[in-house]
Structures are given as C-alpha cells and as structure tokens.
Amino acid sequence: MLEPFQYSFFVNGSIAAVVVGALCGLIGVYVVLRGMSYIGHGLSHAIFGGAVVSYVMAWNFYLGAGLWGFLAALLINQTARRARIGADAAIGVVTTASFAIGIALISKFRKFSRNFDAALFGNILGVDTVDVLVISGIAILIMIVVFVAYKRLLFTAFDSDVARVYGVRTEWVEVLFALALAATLIASMQILGVTLIAAALVVPAITARLLTDSFNRMVAYSMMIGALTGLAGMYVSFYADVASGATIVLIQAFCFVVALTIGAVRRSNERRLAHTHV
Amino acid sequence: MLCNTHHIMKALIELRNVTFGYGRMPVLENINVHLHAGQFAALVGPSGAGKSTFLRLVLGTLQPTRGEVEQCAEVLGDHCNRDAQIGYIPQLETVDWNFPVTVDQAVLMGLTRKSAWVPWHSAADKVKLGQILARLEIDTLAKRHIRDLSGGQQQRVFLARALIAEPDILVLDEPTSGVDVRTAQNVMHLLADLNTAGMTVLLTTHDLNLAAAHVPWVICLNRKVIAQGTPDDVFNEATLNATYNGDMLVLRQNGMLLIQERMHGHSWRETAPNAVLGHELVSE
C-alpha cells in the first residue's frame, strides 16, 4: 500500500496532484456556476502559447505564462463586451490564436518541441520539490483570495448585474477571478497538461453540484473530490502504468457517473414517495 | 451642538431631460420624472417601450446619452448628503433557479457590500436575517433551496434580500409576471403594506388592472412619458391608446377601473365559430 511512497517522484507527484485537484475543485465551482466551462478549456490553450513565448524569450515560465493567461482572460472579456459577440466566440478567437502562436513557434524551433509534451499532456513524474513549493504557494494564495472575497464571488456568480446594483464592485471581482483562474491553470499545467485541465476544473464541481443544493457544501465536496481523485489517480497510474493526468480525469469522470446515478435514484425515490402520499 | 444646516427630503430619484439610445436608435427621449420619498409608482407601457431601460438608468447600470439621473436620499444645504440606496428585485424569470443557494444565503447576499471580508456572517447579520424572514413570513423556509418554493415565496425571498440592506427605495421589475392571480394580488398587498410603512416603491408591470387597483401613481411610457398621475387621471382611453398604440377599453365599475384591449375579430366566436367543444362530465 505504501510502496509507491518510497519514491520521491511519487511523493512529489502525489502532493502536487492533491493540491492541484483541490484547487481546480475550488475554482471549478465558480467556473461551472457562471457557465464558463469553455473558458477553462480555452484559457489553458492560450496559456500554452504564453508558455512557449516565455521559453523563447527566456522568461520565468510561471510569470510569463501567468501574465499571458491573465491578459488573454481580460482580452476575451473586452472582446465579448465591445465587439458585441458572444463570450464563446471571443474565447474561440483569442485562445486559438494564442495556441497557434505556440504551435507556430514550436514548428519554427523544432529542437525544443519535446519540452512541451509535458505542457500539452502533463508530466507528473517531472514534478520536483521546487515545483511542489511553487504549486502549493499558488494554491494557498488563491485560497486566501477566495476566502477573503467569498461573499462577493458568490453574489457575482449568482447574478452579476444585481450584485452591482447592491454595491458589489463586480468589475474588480471579475479581474480577481480572471487572475485566480489563470494562476490555477498555470499551477495545473505541468500535472494535467493543457488537454486535461478543463476536465479537472469542471468534473469535480458538477459532481459536487449533483450531490448538494448548498453552495458551501458544493465548494467543500468539489475540493474533496478533486483532492481525493488526484491521490487515487496517482495510485492507479503507478500500478496500471498509465499516464497520471489521464487516470485522474478518468477517475473523476467515474465519480461523476456514480453521482449522476445516485441523483437519478434519489429523484426516482422522491417521485415514488410523492405518488404514494397522493 | 448648534448647526445652521438643515435636512430637506426632496426627490429621491430625479430624471431630468433624460435621453438614452443604443447606437443611433433612441430608446427613451426627454424623460422628466421625479420620485419622492414614500411614493408608490408603477411604470406601464408596451413591450419595447423602454421600461427596462428606464429601470437600468435608475439603478445606475446605464448612463443617459443626454440629461441627468440624480439619486439623493438626504440633502444638506445645497448638496446631496447621502445617495439613495436602492433595493432591486429582478424579474423571477431572470433568476438562475439551479444555482445552489438556500433562502437564508440568498437573503444575506443583500448585506454583501457592508459585510466583513470573511466567508461567514456576523451574529448581527443573522439577527437581522431572522427579523426580515419573520416579517415576510418565510422564516420556516430559511434552509430550503430557492427553487423549492412557490412563486409568491420566491418573490418574498428577493424582497427580503432587498429589505435587509435597508434601502431608501425598492425597485421591482415585473414583480407579478409569471405568478397566478392570487399570488399577484398578495405581492401587491405586501408592497402596499411596505409603502404604508414608509418605503418608496417603483415597479414595472404589464397588468394595468393590478396597477389601477393597488398603485397610487402611474407613469405611462412609450419611449416618452405619455402621462403620469393617479390611475383615475391617466387610465383613460386617449392616454392608453397613445401609450399602447391600440384600442383600449376602460370601464369604471363601483369605483374600480377595468382595462382591456378591444377585440377586433380576435374572439374565438368569430374566428372559429365551428370549434370543437368539450363536454361537461356528469357523474351518475
């Protein structure tokens, strides 16, 4: 049972997977409730472009990709507002253009293309102690931001227009959330890869939503599902010799199916009870 | 302490020569409306008349292209000493009923601006919550999800969210749309009670009969203010025809106003004289 923990790569990877799972679970609640599932998918692709540019320009990966992701999030917001096109179309334009920049740069400098396999598909085995510290630092910072702005984030997610009338500075809440989302994606990129981050953001949150009607409990459940599936995914991937990012997402998808089934059975029982009482 | 300044209560909300348009299309033109503290007013007009735009200008989420919207709850000398606090209740149709919030969580959102930067609410907030829920008779529903309530109860939840913030004025966007006749009457009675207790109320409605029965001041809007006054003054055929570009019928019966658009060949008796009718079930 404890055999994998003899290996430092497994210990580092497990800590990173648990932290990233809980973080994606937390931010995913807001992403799902605001109907922004597509933005997680799009932004992770945009950040990939930023990661390649950071490499070419010899910038720090976390700072370069983070800034790029944050600017992409703001650009999507502004494009959707000013050009009067839907947010989904704005996400499509901005993020695929950014992703294309990354691909173009890789094709131009083919020699370093292998380094970006991790960014695309995740490479949890490559996580070292410094990465764990950086990821944990980002996660703690984001959790503090969410803790402090909890009520403002909740009202803005529920109804942004009404929240503004009630004196909530929704424009600042939006900026704060864009920053938190971009930072979450950066922290998750090495673990899950661009292609799987969206699932890790969305699946724990919608699974939690199926289990409760309370916002506070949804946040707690989503974080727990993210963290536990992170650990379980590491274990299964170790013994089954399958890519860890994909294993984590597959276990999350399994949890979703279980929650969906529990929800369907519960609703069916409620209907039967209601029918009996009539 | 002696003070030579004095507090004067004047218009809470004042729209002066307000024009608003999206692009070159004017939605509202040259609007002049005053709402005073303690007033209970209804904004009526056809779809596309600019009622929602009017509300958004009052709420401050839109800025006029021309003219001024002024909100002032308290005047000190020549200056506004305190802006009017608005309690806004949106249309029930615009609420995300799948959002995971219980009644108490939804109501406490009204205190977000004033509350501390921590996820929980203070003991004082919870006392206030209990008082508001009891006042609106929804205290037994505090832990229920907002979707699991009747239309009238849902309206009370959003009224509670507005009232807990202690506003100077309640602004309601079609509070009676999508609810049955009895619930609509109850909502209007509740608003009338709040107004009697001193609350200023502004609402929009498509139900002219409800407005005539419950609201003492009516603003007829169709891009411009066609008329404003008591229902007895403005609910006449000339004004309503100008407001609705239609052929309106106004009946006065025992002091009540009944308003209906005249039928012109739209009755089923004329359009489908041979319609298949059902039969009354007769039990043996």
# chains A, B, ... in the order shown; residues from 1 in each chain; ligands from 1
call {"tool": "interface_residues", "arguments": {"of": "chain B", "to": "chain A", "cutoff": "10 Å", "atoms": "only C-alpha atoms", "output": "JSON, numbers by chain"}}
result
{"B": [56, 59, 60, 61, 85, 86, 87, 88, 89, 90, 94, 95, 96, 97, 98, 99, 100, 101, 102, 105, 106, 108, 109, 110, 111, 112, 113, 114, 115, 116, 117, 118, 119, 120, 121, 143, 144, 145, 146, 147, 161, 162, 165, 167]}
call {"tool": "select_by_dssp", "arguments": {"residues": "segment 37-281 of chain B", "states": "alpha helix (DSSP H)", "output": "count of residues only"}}
result
80
call {"tool": "closest_residue", "arguments": {"among": "A:Leu125, A:Met36, A:Val219, A:Leu181", "to": "Ser237 of chain A", "atoms": "only C-alpha atoms"}}
result
A:Leu125
call {"tool": "closest_residue", "arguments": {"among": "A:Ala46, A:Leu228, A:Ala51, A:Ala240", "to": "Ile15 of chain A", "atoms": "only C-alpha atoms"}}
result
A:Leu228
call {"tool": "residues_around", "arguments": {"residues": "Leu141 of chain A", "least_positions_apart": "2", "cutoff": "12 Å", "atoms": "only C-alpha atoms", "output": "list in words"}}
result
Leu23, Val134, Ile135, Ser136, Gly137, Ile138, Ala139, Met143, Ile144, Val145, Val146, Phe147, Val148, Leu176, Leu179, Ala180, Ala183, Thr184 and Ala187 of chain A
call {"tool": "residues_around", "arguments": {"residues": "segment 96-112 of chain A", "least_positions_apart": "4", "cutoff": "8 Å", "atoms": "only C-alpha atoms", "output": "JSON, numbers by chain"}}
result
{"A": [42, 45, 46, 47, 48, 49, 50, 51, 52, 53, 91, 92, 116]}
call {"tool": "atom_distance", "arguments": {"atom1": "atom CA of Val44 of chain B", "atom2": "atom CA of Asp207 of chain B"}}
result
8.2 Å
call {"tool": "select_by_dssp", "arguments": {"residues": "segment 33-179 of chain B", "states": "strand (DSSP E)", "output": "MDAnalysis selection string"}}
result
chainID B and resid 33:36 40:44 66:71 74:76 79:82 86:89 169:173
call {"tool": "write_last_selection", "arguments": {"atoms": "N, CA, C and O atoms", "output": "short mmCIF file (atom, residue, chain, number, x, y, z; two decimals), in the first residue's frame"}}
result
data_model
loop_
_atom_site.label_atom_id
_atom_site.label_comp_id
_atom_site.auth_asym_id
_atom_site.auth_seq_id
_atom_site.Cartn_x
_atom_site.Cartn_y
_atom_site.Cartn_z
N VAL B 33 -38.97 62.75 -14.82
CA VAL B 33 -39.75 62.06 -13.79
C VAL B 33 -39.10 62.33 -12.43
O VAL B 33 -37.88 62.28 -12.30
N HIS B 34 -39.93 62.61 -11.43
CA HIS B 34 -39.46 62.74 -10.05
C HIS B 34 -40.13 61.65 -9.23
O HIS B 34 -41.32 61.43 -9.37
N LEU B 35 -39.35 61.02 -8.39
CA LEU B 35 -39.95 60.08 -7.43
C LEU B 35 -39.59 60.57 -6.03
O LEU B 35 -38.40 60.72 -5.71
N HIS B 36 -40.61 60.81 -5.23
CA HIS B 36 -40.37 61.34 -3.89
C HIS B 36 -40.39 60.24 -2.84
O HIS B 36 -40.99 59.18 -3.06
N PHE B 40 -45.38 55.48 -4.21
CA PHE B 40 -45.57 54.12 -4.71
C PHE B 40 -45.99 54.30 -6.18
O PHE B 40 -47.08 54.79 -6.45
N ALA B 41 -45.10 53.98 -7.10
CA ALA B 41 -45.34 54.29 -8.51
C ALA B 41 -45.15 53.07 -9.39
O ALA B 41 -44.32 52.20 -9.11
N ALA B 42 -45.95 53.01 -10.44
CA ALA B 42 -45.84 51.92 -11.42
C ALA B 42 -45.51 52.50 -12.78
O ALA B 42 -46.03 53.55 -13.18
N LEU B 43 -44.63 51.80 -13.48
CA LEU B 43 -44.23 52.18 -14.83
C LEU B 43 -44.94 51.21 -15.78
O LEU B 43 -44.71 50.00 -15.68
N VAL B 44 -45.82 51.74 -16.64
CA VAL B 44 -46.52 50.84 -17.55
C VAL B 44 -46.25 51.26 -19.00
O VAL B 44 -45.93 52.41 -19.27
N ARG B 66 -28.09 61.76 -22.91
CA ARG B 66 -28.26 63.19 -22.57
C ARG B 66 -29.09 63.31 -21.30
O ARG B 66 -29.86 62.40 -20.99
N GLY B 67 -28.95 64.40 -20.60
CA GLY B 67 -29.74 64.61 -19.39
C GLY B 67 -29.07 64.03 -18.16
O GLY B 67 -27.91 63.59 -18.23
N GLU B 68 -29.79 64.03 -17.06
CA GLU B 68 -29.19 63.61 -15.78
C GLU B 68 -30.13 62.73 -14.98
O GLU B 68 -31.35 62.94 -15.01
N VAL B 69 -29.55 61.77 -14.31
CA VAL B 69 -30.30 60.98 -13.33
C VAL B 69 -29.67 61.25 -11.98
O VAL B 69 -28.47 61.04 -11.80
N GLU B 70 -30.46 61.76 -11.07
CA GLU B 70 -29.92 62.10 -9.76
C GLU B 70 -30.61 61.28 -8.69
O GLU B 70 -31.83 61.14 -8.70
N GLN B 71 -29.82 60.71 -7.80
CA GLN B 71 -30.38 59.97 -6.67
C GLN B 71 -29.91 60.67 -5.41
O GLN B 71 -28.71 60.88 -5.24
N GLU B 74 -30.80 62.37 1.00
CA GLU B 74 -30.73 63.38 2.05
C GLU B 74 -29.96 64.59 1.52
O GLU B 74 -28.86 64.43 1.01
N VAL B 75 -30.58 65.76 1.65
CA VAL B 75 -29.92 66.98 1.19
C VAL B 75 -29.40 67.75 2.39
O VAL B 75 -30.09 67.86 3.40
N LEU B 76 -28.17 68.24 2.27
CA LEU B 76 -27.59 69.05 3.33
C LEU B 76 -27.15 70.35 2.67
O LEU B 76 -26.23 70.35 1.87
N HIS B 79 -26.16 70.54 -1.17
CA HIS B 79 -25.57 69.30 -1.69
C HIS B 79 -26.31 68.07 -1.20
O HIS B 79 -26.95 68.09 -0.15
N CYS B 80 -26.15 67.01 -1.99
CA CYS B 80 -26.72 65.74 -1.58
C CYS B 80 -25.80 65.15 -0.51
O CYS B 80 -24.61 64.94 -0.75
N ASN B 81 -26.34 64.90 0.65
CA ASN B 81 -25.52 64.39 1.77
C ASN B 81 -25.38 62.87 1.71
O ASN B 81 -24.43 62.32 2.23
N ARG B 82 -26.38 62.20 1.11
CA ARG B 82 -26.34 60.74 1.06
C ARG B 82 -27.08 60.26 -0.18
O ARG B 82 -28.21 60.69 -0.43
N ILE B 86 -30.65 51.68 -3.24
CA ILE B 86 -31.73 51.03 -3.98
C ILE B 86 -31.76 49.53 -3.67
O ILE B 86 -30.74 48.86 -3.71
N GLY B 87 -32.93 49.04 -3.36
CA GLY B 87 -33.14 47.59 -3.22
C GLY B 87 -33.81 47.10 -4.48
O GLY B 87 -34.95 47.47 -4.77
N TYR B 88 -33.08 46.31 -5.26
CA TYR B 88 -33.59 45.91 -6.57
C TYR B 88 -34.08 44.47 -6.54
O TYR B 88 -33.39 43.58 -6.04
N ILE B 89 -35.25 44.25 -7.08
CA ILE B 89 -35.80 42.88 -7.18
C ILE B 89 -36.00 42.59 -8.67
O ILE B 89 -36.88 43.16 -9.32
N ILE B 169 -35.36 52.96 -1.41
CA ILE B 169 -36.38 52.73 -2.43
C ILE B 169 -36.30 51.28 -2.90
O ILE B 169 -35.20 50.73 -3.04
N LEU B 170 -37.45 50.67 -3.13
CA LEU B 170 -37.49 49.34 -3.72
C LEU B 170 -37.81 49.49 -5.21
O LEU B 170 -38.76 50.20 -5.57
N VAL B 171 -37.03 48.85 -6.05
CA VAL B 171 -37.28 48.88 -7.50
C VAL B 171 -37.54 47.44 -7.94
O VAL B 171 -36.70 46.57 -7.74
N LEU B 172 -38.72 47.21 -8.49
CA LEU B 172 -39.10 45.84 -8.86
C LEU B 172 -39.41 45.76 -10.35
O LEU B 172 -40.21 46.55 -10.87
N ASP B 173 -38.78 44.81 -11.01
CA ASP B 173 -39.02 44.61 -12.44
C ASP B 173 -40.07 43.51 -12.61
O ASP B 173 -39.80 42.34 -12.35
#
call {"tool": "atom_distance", "arguments": {"atom1": "atom CA of Arg135 of chain B", "atom2": "atom CA of Leu163 of chain B"}}
result
10.3 Å
call {"tool": "decode", "arguments": {"residues": "segment 238-262 of chain B", "atoms": "N, CA and C atoms", "output": "PDB file, in the first residue's frame"}}
result
ATOM      1  N   ALA B 238     -57.876  57.720 -24.177  1.00  0.00           N
ATOM      2  CA  ALA B 238     -56.958  58.531 -25.002  1.00  0.00           C
ATOM      3  C   ALA B 238     -55.500  58.279 -24.606  1.00  0.00           C
ATOM      4  N   THR B 239     -55.228  58.315 -23.302  1.00  0.00           N
ATOM      5  CA  THR B 239     -53.845  58.128 -22.834  1.00  0.00           C
ATOM      6  C   THR B 239     -53.355  56.717 -23.116  1.00  0.00           C
ATOM      7  N   LEU B 240     -54.207  55.735 -22.820  1.00  0.00           N
ATOM      8  CA  LEU B 240     -53.783  54.346 -23.021  1.00  0.00           C
ATOM      9  C   LEU B 240     -53.628  54.011 -24.503  1.00  0.00           C
ATOM     10  N   ASN B 241     -54.485  54.592 -25.354  1.00  0.00           N
ATOM     11  CA  ASN B 241     -54.318  54.370 -26.801  1.00  0.00           C
ATOM     12  C   ASN B 241     -52.983  54.944 -27.272  1.00  0.00           C
ATOM     13  N   ALA B 242     -52.641  56.111 -26.745  1.00  0.00           N
ATOM     14  CA  ALA B 242     -51.358  56.728 -27.125  1.00  0.00           C
ATOM     15  C   ALA B 242     -50.185  55.903 -26.589  1.00  0.00           C
ATOM     16  N   THR B 243     -50.364  55.323 -25.406  1.00  0.00           N
ATOM     17  CA  THR B 243     -49.270  54.539 -24.800  1.00  0.00           C
ATOM     18  C   THR B 243     -49.084  53.212 -25.517  1.00  0.00           C
ATOM     19  N   TYR B 244     -50.191  52.549 -25.795  1.00  0.00           N
ATOM     20  CA  TYR B 244     -50.116  51.177 -26.334  1.00  0.00           C
ATOM     21  C   TYR B 244     -50.322  51.108 -27.846  1.00  0.00           C
ATOM     22  N   ASN B 245     -50.528  52.258 -28.495  1.00  0.00           N
ATOM     23  CA  ASN B 245     -50.828  52.289 -29.939  1.00  0.00           C
ATOM     24  C   ASN B 245     -51.946  51.275 -30.247  1.00  0.00           C
ATOM     25  N   GLY B 246     -52.928  51.220 -29.373  1.00  0.00           N
ATOM     26  CA  GLY B 246     -54.002  50.241 -29.566  1.00  0.00           C
ATOM     27  C   GLY B 246     -55.364  50.861 -29.349  1.00  0.00           C
ATOM     28  N   ASP B 247     -56.351  50.011 -29.191  1.00  0.00           N
ATOM     29  CA  ASP B 247     -57.714  50.479 -28.977  1.00  0.00           C
ATOM     30  C   ASP B 247     -58.156  49.955 -27.617  1.00  0.00           C
ATOM     31  N   MET B 248     -57.964  50.753 -26.602  1.00  0.00           N
ATOM     32  CA  MET B 248     -58.176  50.285 -25.239  1.00  0.00           C
ATOM     33  C   MET B 248     -59.575  50.641 -24.749  1.00  0.00           C
ATOM     34  N   LEU B 249     -60.081  49.778 -23.918  1.00  0.00           N
ATOM     35  CA  LEU B 249     -61.406  49.970 -23.341  1.00  0.00           C
ATOM     36  C   LEU B 249     -61.216  50.151 -21.839  1.00  0.00           C
ATOM     37  N   VAL B 250     -61.759  51.248 -21.287  1.00  0.00           N
ATOM     38  CA  VAL B 250     -61.649  51.491 -19.850  1.00  0.00           C
ATOM     39  C   VAL B 250     -63.047  51.537 -19.256  1.00  0.00           C
ATOM     40  N   LEU B 251     -63.315  50.676 -18.313  1.00  0.00           N
ATOM     41  CA  LEU B 251     -64.624  50.633 -17.657  1.00  0.00           C
ATOM     42  C   LEU B 251     -64.457  51.041 -16.203  1.00  0.00           C
ATOM     43  N   ARG B 252     -65.408  51.801 -15.712  1.00  0.00           N
ATOM     44  CA  ARG B 252     -65.415  52.163 -14.290  1.00  0.00           C
ATOM     45  C   ARG B 252     -66.628  51.514 -13.638  1.00  0.00           C
ATOM     46  N   GLN B 253     -66.388  50.698 -12.648  1.00  0.00           N
ATOM     47  CA  GLN B 253     -67.470  49.945 -12.010  1.00  0.00           C
ATOM     48  C   GLN B 253     -67.291  50.031 -10.501  1.00  0.00           C
ATOM     49  N   ASN B 254     -68.225  50.619  -9.821  1.00  0.00           N
ATOM     50  CA  ASN B 254     -68.188  50.741  -8.349  1.00  0.00           C
ATOM     51  C   ASN B 254     -66.836  51.260  -7.863  1.00  0.00           C
ATOM     52  N   GLY B 255     -66.341  52.269  -8.513  1.00  0.00           N
ATOM     53  CA  GLY B 255     -65.070  52.870  -8.108  1.00  0.00           C
ATOM     54  C   GLY B 255     -63.848  52.109  -8.589  1.00  0.00           C
ATOM     55  N   MET B 256     -64.063  50.988  -9.300  1.00  0.00           N
ATOM     56  CA  MET B 256     -62.932  50.197  -9.806  1.00  0.00           C
ATOM     57  C   MET B 256     -62.689  50.498 -11.274  1.00  0.00           C
ATOM     58  N   LEU B 257     -61.438  50.456 -11.668  1.00  0.00           N
ATOM     59  CA  LEU B 257     -61.103  50.638 -13.080  1.00  0.00           C
ATOM     60  C   LEU B 257     -60.820  49.271 -13.690  1.00  0.00           C
ATOM     61  N   LEU B 258     -61.433  48.984 -14.826  1.00  0.00           N
ATOM     62  CA  LEU B 258     -61.153  47.735 -15.531  1.00  0.00           C
ATOM     63  C   LEU B 258     -60.679  48.088 -16.930  1.00  0.00           C
ATOM     64  N   ILE B 259     -59.524  47.567 -17.304  1.00  0.00           N
ATOM     65  CA  ILE B 259     -58.921  47.962 -18.588  1.00  0.00           C
ATOM     66  C   ILE B 259     -58.700  46.728 -19.454  1.00  0.00           C
ATOM     67  N   GLN B 260     -59.034  46.848 -20.700  1.00  0.00           N
ATOM     68  CA  GLN B 260     -58.933  45.710 -21.616  1.00  0.00           C
ATOM     69  C   GLN B 260     -58.734  46.261 -23.027  1.00  0.00           C
ATOM     70  N   GLU B 261     -57.977  45.567 -23.840  1.00  0.00           N
ATOM     71  CA  GLU B 261     -57.884  45.986 -25.237  1.00  0.00           C
ATOM     72  C   GLU B 261     -59.140  45.482 -25.960  1.00  0.00           C
ATOM     73  N   ARG B 262     -59.712  46.355 -26.812  1.00  0.00           N
ATOM     74  CA  ARG B 262     -60.933  45.949 -27.524  1.00  0.00           C
ATOM     75  C   ARG B 262     -60.631  44.825 -28.501  1.00  0.00           C
TER      76      ARG B 262
END
